[in-house]
$ cat my_file-v3.cif   # mmCIF, C-alpha atoms and all ligand atoms
data_structure
#
loop_
_atom_site.group_PDB
_atom_site.id
_atom_site.type_symbol
_atom_site.label_atom_id
_atom_site.label_comp_id
_atom_site.auth_asym_id
_atom_site.auth_seq_id
_atom_site.Cartn_x
_atom_site.Cartn_y
_atom_site.Cartn_z
ATOM 1 C CA MET A 1 10.936 -17.259 -0.124
ATOM 2 C CA GLU A 2 13.534 -14.602 0.598
ATOM 3 C CA ILE A 3 12.082 -11.103 0.385
ATOM 4 C CA LYS A 4 14.050 -7.913 0.907
ATOM 5 C CA CYS A 5 12.193 -4.699 1.735
ATOM 6 C CA PHE A 6 13.717 -1.288 1.233
ATOM 7 C CA LYS A 7 12.925 2.355 0.595
ATOM 8 C CA THR A 8 13.560 3.379 -2.989
ATOM 9 C CA LYS A 9 14.088 6.563 -4.973
ATOM 10 C CA ASN A 10 13.757 4.602 -8.186
ATOM 11 C CA PHE A 11 10.306 5.984 -8.931
ATOM 12 C CA ASP A 12 10.324 4.716 -12.518
ATOM 13 C CA ASP A 13 10.254 1.113 -11.246
ATOM 14 C CA VAL A 14 7.365 1.940 -8.929
ATOM 15 C CA ILE A 15 5.455 3.814 -11.642
ATOM 16 C CA SER A 16 5.864 0.981 -14.113
ATOM 17 C CA LEU A 17 4.554 -1.542 -11.539
ATOM 18 C CA HIS A 18 1.676 0.787 -10.708
ATOM 19 C CA LYS A 19 0.719 1.038 -14.396
ATOM 20 C CA GLN A 20 1.006 -2.740 -14.805
ATOM 21 C CA ILE A 21 -1.258 -3.521 -11.816
ATOM 22 C CA PHE A 22 -3.810 -0.696 -11.890
ATOM 23 C CA HIS A 23 -3.820 0.017 -15.668
ATOM 24 C CA GLU A 24 -3.829 3.676 -14.714
ATOM 25 C CA ASP A 25 -1.817 6.441 -16.332
ATOM 26 C CA ASN A 26 -2.021 9.372 -13.916
ATOM 27 C CA ASN A 27 0.802 11.632 -15.047
ATOM 28 C CA LEU A 28 0.166 14.373 -12.463
ATOM 29 C CA PHE A 29 0.396 11.829 -9.659
ATOM 30 C CA PHE A 30 3.597 10.341 -11.141
ATOM 31 C CA GLU A 31 5.131 13.816 -11.477
ATOM 32 C CA ASN A 32 4.246 14.624 -7.864
ATOM 33 C CA LEU A 33 5.734 11.326 -6.740
ATOM 34 C CA LYS A 34 9.054 12.347 -8.265
ATOM 35 C CA THR A 35 9.091 15.953 -7.097
ATOM 36 C CA LYS A 36 7.322 16.181 -3.709
ATOM 37 C CA ASP A 37 9.510 15.097 -0.842
ATOM 38 C CA TYR A 38 6.557 14.037 1.331
ATOM 39 C CA TYR A 39 6.090 10.905 -0.804
ATOM 40 C CA HIS A 40 7.920 7.760 0.242
ATOM 41 C CA CYS A 41 8.118 4.585 -1.846
ATOM 42 C CA PHE A 42 8.936 1.167 -0.446
ATOM 43 C CA VAL A 43 9.433 -2.028 -2.407
ATOM 44 C CA ALA A 44 9.782 -5.739 -1.761
ATOM 45 C CA SER A 45 12.176 -7.628 -3.965
ATOM 46 C CA HIS A 46 12.709 -11.307 -4.648
ATOM 47 C CA GLN A 47 15.871 -12.358 -6.508
ATOM 48 C CA ASN A 48 16.384 -8.749 -7.639
ATOM 49 C CA GLN A 49 12.842 -8.509 -9.033
ATOM 50 C CA ILE A 50 10.473 -5.987 -7.476
ATOM 51 C CA VAL A 51 7.356 -7.927 -6.558
ATOM 52 C CA ALA A 52 5.455 -5.398 -4.428
ATOM 53 C CA TYR A 53 5.460 -1.678 -3.727
ATOM 54 C CA CYS A 54 3.719 0.842 -1.540
ATOM 55 C CA ILE A 55 3.435 4.616 -1.669
ATOM 56 C CA ILE A 56 3.009 6.637 1.501
ATOM 57 C CA SER A 57 2.772 10.380 2.047
ATOM 58 C CA ASN A 58 3.855 11.922 5.336
ATOM 59 C CA ILE A 59 2.769 15.469 6.099
ATOM 60 C CA ALA A 60 2.750 17.109 9.552
ATOM 61 C CA ASP A 61 3.133 13.828 11.429
ATOM 62 C CA GLN A 62 0.197 12.242 9.589
ATOM 63 C CA ALA A 63 0.966 9.518 7.089
ATOM 64 C CA GLU A 64 -1.367 8.255 4.396
ATOM 65 C CA LEU A 65 -1.088 4.968 2.565
ATOM 66 C CA PHE A 66 -1.882 5.743 -1.077
ATOM 67 C CA ASN A 67 -1.218 2.409 -2.704
ATOM 68 C CA ILE A 68 0.061 -1.019 -1.992
ATOM 69 C CA ALA A 69 0.178 -3.873 -4.466
ATOM 70 C CA THR A 70 1.826 -7.224 -5.007
ATOM 71 C CA ILE A 71 2.259 -8.553 -8.533
ATOM 72 C CA GLU A 72 0.128 -11.527 -9.540
ATOM 73 C CA GLY A 73 1.871 -14.824 -8.899
ATOM 74 C CA PHE A 74 3.354 -13.476 -5.657
ATOM 75 C CA ARG A 75 0.114 -12.771 -3.795
ATOM 76 C CA LYS A 76 -1.041 -14.523 -0.601
ATOM 77 C CA LYS A 77 2.540 -15.278 0.435
ATOM 78 C CA GLY A 78 2.764 -12.620 3.146
ATOM 79 C CA ILE A 79 4.740 -10.178 0.966
ATOM 80 C CA ALA A 80 2.440 -7.135 1.249
ATOM 81 C CA LYS A 81 2.210 -7.649 5.006
ATOM 82 C CA GLN A 82 6.011 -7.834 5.326
ATOM 83 C CA LEU A 83 6.389 -4.721 3.161
ATOM 84 C CA LEU A 84 3.729 -2.763 5.044
ATOM 85 C CA ILE A 85 5.259 -3.611 8.432
ATOM 86 C CA TYR A 86 8.632 -2.468 7.085
ATOM 87 C CA ALA A 87 7.180 0.771 5.697
ATOM 88 C CA ILE A 88 5.286 1.558 8.904
ATOM 89 C CA SER A 89 8.447 1.198 10.946
ATOM 90 C CA ASN A 90 10.374 3.460 8.531
ATOM 91 C CA VAL A 91 7.921 6.357 8.330
ATOM 92 C CA ASP A 92 8.243 8.939 11.063
ATOM 93 C CA ALA A 93 4.617 9.791 11.826
ATOM 94 C CA ALA A 94 2.196 9.550 14.732
ATOM 95 C CA GLU A 95 -0.631 7.930 12.781
ATOM 96 C CA MET A 96 -1.395 6.526 9.359
ATOM 97 C CA PHE A 97 -4.695 6.689 7.461
ATOM 98 C CA LEU A 98 -6.023 4.985 4.350
ATOM 99 C CA GLU A 99 -9.197 4.539 2.318
ATOM 100 C CA VAL A 100 -10.294 1.215 0.950
ATOM 101 C CA SER A 101 -13.335 -0.027 -0.934
ATOM 102 C CA THR A 102 -15.676 -2.329 0.993
ATOM 103 C CA LYS A 103 -15.291 -4.649 -2.015
ATOM 104 C CA ASN A 104 -11.518 -5.051 -1.616
ATOM 105 C CA LEU A 105 -11.494 -7.858 0.924
ATOM 106 C CA ALA A 106 -7.847 -8.794 0.352
ATOM 107 C CA ALA A 107 -6.728 -5.236 1.136
ATOM 108 C CA ILE A 108 -9.040 -4.938 4.165
ATOM 109 C CA LYS A 109 -7.605 -8.200 5.558
ATOM 110 C CA LEU A 110 -4.076 -6.956 4.930
ATOM 111 C CA TYR A 111 -4.696 -3.651 6.721
ATOM 112 C CA GLN A 112 -6.394 -5.328 9.687
ATOM 113 C CA SER A 113 -3.523 -7.793 9.955
ATOM 114 C CA VAL A 114 -1.050 -4.969 10.670
ATOM 115 C CA GLY A 115 -3.326 -3.162 13.142
ATOM 116 C CA PHE A 116 -5.439 -0.685 11.141
ATOM 117 C CA ASN A 117 -8.937 -0.077 12.545
ATOM 118 C CA GLU A 118 -12.026 1.262 10.793
ATOM 119 C CA ILE A 119 -12.835 4.804 11.950
ATOM 120 C CA ASP A 120 -15.407 5.967 9.352
ATOM 121 C CA ARG A 121 -17.156 5.213 6.070
ATOM 122 C CA ARG A 122 -17.890 7.307 2.998
ATOM 123 C CA LYS A 123 -21.071 6.220 1.278
ATOM 124 C CA LYS A 124 -20.802 5.406 -2.454
ATOM 125 C CA TYR A 125 -17.289 6.886 -2.536
ATOM 126 C CA TYR A 126 -16.259 4.455 -5.277
ATOM 127 C CA GLY A 127 -19.609 4.730 -7.103
ATOM 128 C CA ASP A 128 -20.845 1.209 -6.509
ATOM 129 C CA SER A 129 -19.146 0.711 -3.137
ATOM 130 C CA ASP A 130 -18.450 2.580 0.088
ATOM 131 C CA ALA A 131 -15.009 3.635 1.286
ATOM 132 C CA ILE A 132 -13.797 2.485 4.671
ATOM 133 C CA ILE A 133 -11.455 4.952 6.365
ATOM 134 C CA MET A 134 -8.893 3.149 8.495
ATOM 135 C CA ARG A 135 -6.364 4.432 11.005
ATOM 136 C CA LEU A 136 -3.239 3.031 12.609
ATOM 137 C CA GLN A 137 -1.757 4.522 15.786
ATOM 138 C CA MET A 138 2.006 4.515 15.188
ATOM 139 C CA ASN A 139 3.520 5.756 18.427
HETATM 140 C C1 LIG B 1 -4.164 -6.404 -1.399
HETATM 141 C C2 LIG B 1 -2.822 -7.017 -1.813
HETATM 142 C C3 LIG B 1 -1.787 -5.902 -1.841
HETATM 143 C C4 LIG B 1 -2.424 -8.072 -0.781
HETATM 144 O O1 LIG B 1 -1.111 -8.491 -1.123
HETATM 145 P P1 LIG B 1 -0.528 -9.925 -0.686
HETATM 146 O O2 LIG B 1 0.955 -9.876 -0.846
HETATM 147 O O3 LIG B 1 -1.261 -10.985 -1.405
HETATM 148 O O4 LIG B 1 -0.943 -9.955 0.875
HETATM 149 P P2 LIG B 1 -0.317 -10.901 2.011
HETATM 150 O O5 LIG B 1 -0.036 -12.239 1.451
HETATM 151 O O6 LIG B 1 0.782 -10.169 2.701
HETATM 152 O O7 LIG B 1 -1.566 -11.042 2.998
HETATM 153 C C5 LIG B 1 -1.756 -10.147 4.099
HETATM 154 C C6 LIG B 1 -3.024 -10.566 4.824
HETATM 155 O O8 LIG B 1 -4.163 -10.407 3.982
HETATM 156 C C7 LIG B 1 -4.821 -11.658 3.764
HETATM 157 N N1 LIG B 1 -5.194 -11.758 2.352
HETATM 158 C C8 LIG B 1 -4.399 -11.489 1.294
HETATM 159 N N2 LIG B 1 -5.085 -11.702 0.155
HETATM 160 C C9 LIG B 1 -6.327 -12.124 0.539
HETATM 161 C C10 LIG B 1 -7.480 -12.490 -0.190
HETATM 162 N N3 LIG B 1 -7.506 -12.487 -1.549
HETATM 163 N N4 LIG B 1 -8.589 -12.847 0.501
HETATM 164 C C11 LIG B 1 -8.588 -12.839 1.865
HETATM 165 N N5 LIG B 1 -7.504 -12.499 2.610
HETATM 166 C C12 LIG B 1 -6.402 -12.135 1.939
HETATM 167 C C13 LIG B 1 -3.807 -12.711 4.123
HETATM 168 O O9 LIG B 1 -4.419 -13.911 4.568
HETATM 169 C C14 LIG B 1 -3.015 -12.042 5.227
HETATM 170 O O10 LIG B 1 -3.735 -12.102 6.478
HETATM 171 P P3 LIG B 1 -3.097 -12.845 7.761
HETATM 172 O O11 LIG B 1 -1.761 -12.224 8.039
HETATM 173 O O12 LIG B 1 -4.111 -12.570 8.819
HETATM 174 O O13 LIG B 1 -3.004 -14.275 7.324
HETATM 175 C C15 LIG B 1 -2.922 -7.727 -3.204
HETATM 176 O O14 LIG B 1 -4.062 -8.560 -3.213
HETATM 177 C C16 LIG B 1 -2.981 -6.780 -4.391
HETATM 178 O O15 LIG B 1 -1.937 -6.364 -4.925
HETATM 179 N N6 LIG B 1 -4.201 -6.424 -4.844
HETATM 180 C C17 LIG B 1 -4.349 -5.511 -5.991
HETATM 181 C C18 LIG B 1 -3.987 -4.086 -5.623
HETATM 182 C C19 LIG B 1 -4.849 -3.547 -4.504
HETATM 183 O O16 LIG B 1 -6.086 -3.719 -4.489
HETATM 184 N N7 LIG B 1 -4.213 -2.826 -3.551
HETATM 185 C C20 LIG B 1 -4.888 -2.245 -2.400
HETATM 186 C C21 LIG B 1 -5.550 -0.961 -2.696
HETATM 187 S S1 LIG B 1 -4.409 0.290 -3.196
#
$ encode --input "my_file-v3.cif" --output "structure tokens" --more "lines below"
Ligand SMILES: CC(C)(COP(=O)(O)OP(=O)(O)OC[C@H]1O[C@@H](n2cnc3c(N)ncnc32)[C@H](O)[C@@H]1OP(=O)(O)O)[C@@H](O)C(=O)NCCC(=O)NCCS
Amino acid sequence: MEIKCFKTKNFDDVISLHKQIFHEDNNLFFENLKTKDYYHCFVASHQNQIVAYCIISNIADQAELFNIATIEGFRKKGIAKQLLIYAISNVDAAEMFLEVSTKNLAAIKLYQSVGFNEIDRRKKYYGDSDAIIMRLQMN
């Protein structure tokens, strides 16, 4: 399957995918995404259809992965991994952090597969599950 990864300024595409996958309508976050220049959006496309996206912030040499998702029907084909590797190599930071629920095994596997390591946990951060804090050394 041919997948092209690129950085995009087409935030409306990213926001509509985000709403579709997470069923979440966070207007303040969407507004910030469009107006704050420390947010970076990357997408993976197949035959001109966006099939995955990720949102990264980069402040003072520290990047944070906010979201990554692949649309259903395109999962478990290596697309998120390809996109994340692309994004990591196109963000100019020394390290990247993220938080993930202990219940989200697919995401944990994805993050480990590109080199993130667990550095801490936050108990009951998601109510019924803990958050794992992960870090990737980037240079
Ligand atoms: C997490 C998610 C982005 C993974 O996307 P994907 O395109 O299916 O991932 P990939 O196919 O690139 O897989 C990357 C790695 O994770 C593993 N993986 C992916 N889905 C998995 C699953 N359901 N169970 C176990 N491992 C899984 C793959 O085996 C692969 O590991 P490998 O390289 O060692 O073989 C996708 O499941 C998703 O969109 N989930 C909903 C949104 C979400 O929870 N996002 C993360 C929090 S913001």
$ closest_atom_pairs --input "my_file-v3.cif" --of "chain A" --to "ligand LIG 1 (chain B)" --cutoff "10 Å" --atoms "only C-alpha atoms and all ligand atoms" --output "Markdown table"
| residue | atom | partner | partner_atom | distance |
| --- | --- | --- | --- | --- |
| A:His18 | CA | B:LIG1 | C18 | 9.0 |
| A:Ile21 | CA | B:LIG1 | C18 | 6.8 |
| A:Phe22 | CA | B:LIG1 | C18 | 7.1 |
| A:Ala44 | CA | B:LIG1 | O2 | 9.8 |
| A:Val51 | CA | B:LIG1 | O2 | 8.8 |
| A:Ala52 | CA | B:LIG1 | O2 | 7.3 |
| A:Tyr53 | CA | B:LIG1 | C3 | 8.6 |
| A:Cys54 | CA | B:LIG1 | S1 | 8.3 |
| A:Ile55 | CA | B:LIG1 | S1 | 9.1 |
| A:Leu65 | CA | B:LIG1 | S1 | 8.1 |
| A:Phe66 | CA | B:LIG1 | S1 | 6.4 |
| A:Asn67 | CA | B:LIG1 | S1 | 3.9 |
| A:Ile68 | CA | B:LIG1 | S1 | 4.8 |
| A:Ala69 | CA | B:LIG1 | O15 | 3.3 |
| A:Thr70 | CA | B:LIG1 | O15 | 3.9 |
| A:Ile71 | CA | B:LIG1 | O15 | 6.0 |
| A:Glu72 | CA | B:LIG1 | O15 | 7.2 |
| A:Gly73 | CA | B:LIG1 | O3 | 9.0 |
| A:Phe74 | CA | B:LIG1 | O2 | 6.5 |
| A:Arg75 | CA | B:LIG1 | O3 | 3.3 |
| A:Lys76 | CA | B:LIG1 | O5 | 3.2 |
| A:Lys77 | CA | B:LIG1 | O5 | 4.1 |
| A:Gly78 | CA | B:LIG1 | O6 | 3.2 |
| A:Ile79 | CA | B:LIG1 | O2 | 4.2 |
| A:Ala80 | CA | B:LIG1 | O6 | 3.7 |
| A:Lys81 | CA | B:LIG1 | O6 | 3.7 |
| A:Gln82 | CA | B:LIG1 | O6 | 6.3 |
| A:Leu83 | CA | B:LIG1 | O6 | 7.8 |
| A:Leu84 | CA | B:LIG1 | O6 | 8.3 |
| A:Ile85 | CA | B:LIG1 | O6 | 9.8 |
| A:Leu98 | CA | B:LIG1 | S1 | 9.0 |
| A:Glu99 | CA | B:LIG1 | C21 | 8.3 |
| A:Val100 | CA | B:LIG1 | C21 | 6.4 |
| A:Ser101 | CA | B:LIG1 | C21 | 8.0 |
| A:Lys103 | CA | B:LIG1 | O16 | 9.6 |
| A:Asn104 | CA | B:LIG1 | O16 | 6.3 |
| A:Leu105 | CA | B:LIG1 | N4 | 5.8 |
| A:Ala106 | CA | B:LIG1 | C9 | 3.7 |
| A:Ala107 | CA | B:LIG1 | C1 | 3.8 |
| A:Ile108 | CA | B:LIG1 | O8 | 7.3 |
| A:Lys109 | CA | B:LIG1 | O8 | 4.4 |
| A:Leu110 | CA | B:LIG1 | O8 | 3.6 |
| A:Tyr111 | CA | B:LIG1 | O8 | 7.3 |
| A:Gln112 | CA | B:LIG1 | O12 | 7.6 |
| A:Ser113 | CA | B:LIG1 | O12 | 4.9 |
| A:Val114 | CA | B:LIG1 | O11 | 7.8 |
$ atom_distance --input "my_file-v3.cif" --atom1 "atom CA of A:Met96" --atom2 "atom CA of A:Leu136"
5.1 Å
$ atom_distance --input "my_file-v3.cif" --atom1 "atom CA of A:Gln137" --atom2 "atom CA of A:Ala94"
6.5 Å
$ residues_around --input "my_file-v3.cif" --residues "A:Tyr39" --least-positions-apart "5" --cutoff "7 Å" --atoms "only C-alpha atoms" --output "list of chain:residue names"
A:Leu33, A:Ile55, A:Ile56, A:Ser57, A:Asn58
$ residues_around --input "my_file-v3.cif" --residues "A:Ala131" --least-positions-apart "3" --cutoff "8 Å" --atoms "all atoms listed in the file" --output "mmCIF file with C-alpha atoms, keeping the file's coordinate frame"
data_model
loop_
_atom_site.group_PDB
_atom_site.id
_atom_site.type_symbol
_atom_site.label_atom_id
_atom_site.label_comp_id
_atom_site.auth_asym_id
_atom_site.auth_seq_id
_atom_site.Cartn_x
_atom_site.Cartn_y
_atom_site.Cartn_z
ATOM 1 C CA GLU A 99 -9.197 4.539 2.318
ATOM 2 C CA VAL A 100 -10.294 1.215 0.950
ATOM 3 C CA SER A 101 -13.335 -0.027 -0.934
ATOM 4 C CA THR A 102 -15.676 -2.329 0.993
ATOM 5 C CA ARG A 121 -17.156 5.213 6.070
ATOM 6 C CA ARG A 122 -17.890 7.307 2.998
ATOM 7 C CA LYS A 123 -21.071 6.220 1.278
ATOM 8 C CA LYS A 124 -20.802 5.406 -2.454
ATOM 9 C CA TYR A 125 -17.289 6.886 -2.536
ATOM 10 C CA TYR A 126 -16.259 4.455 -5.277
#
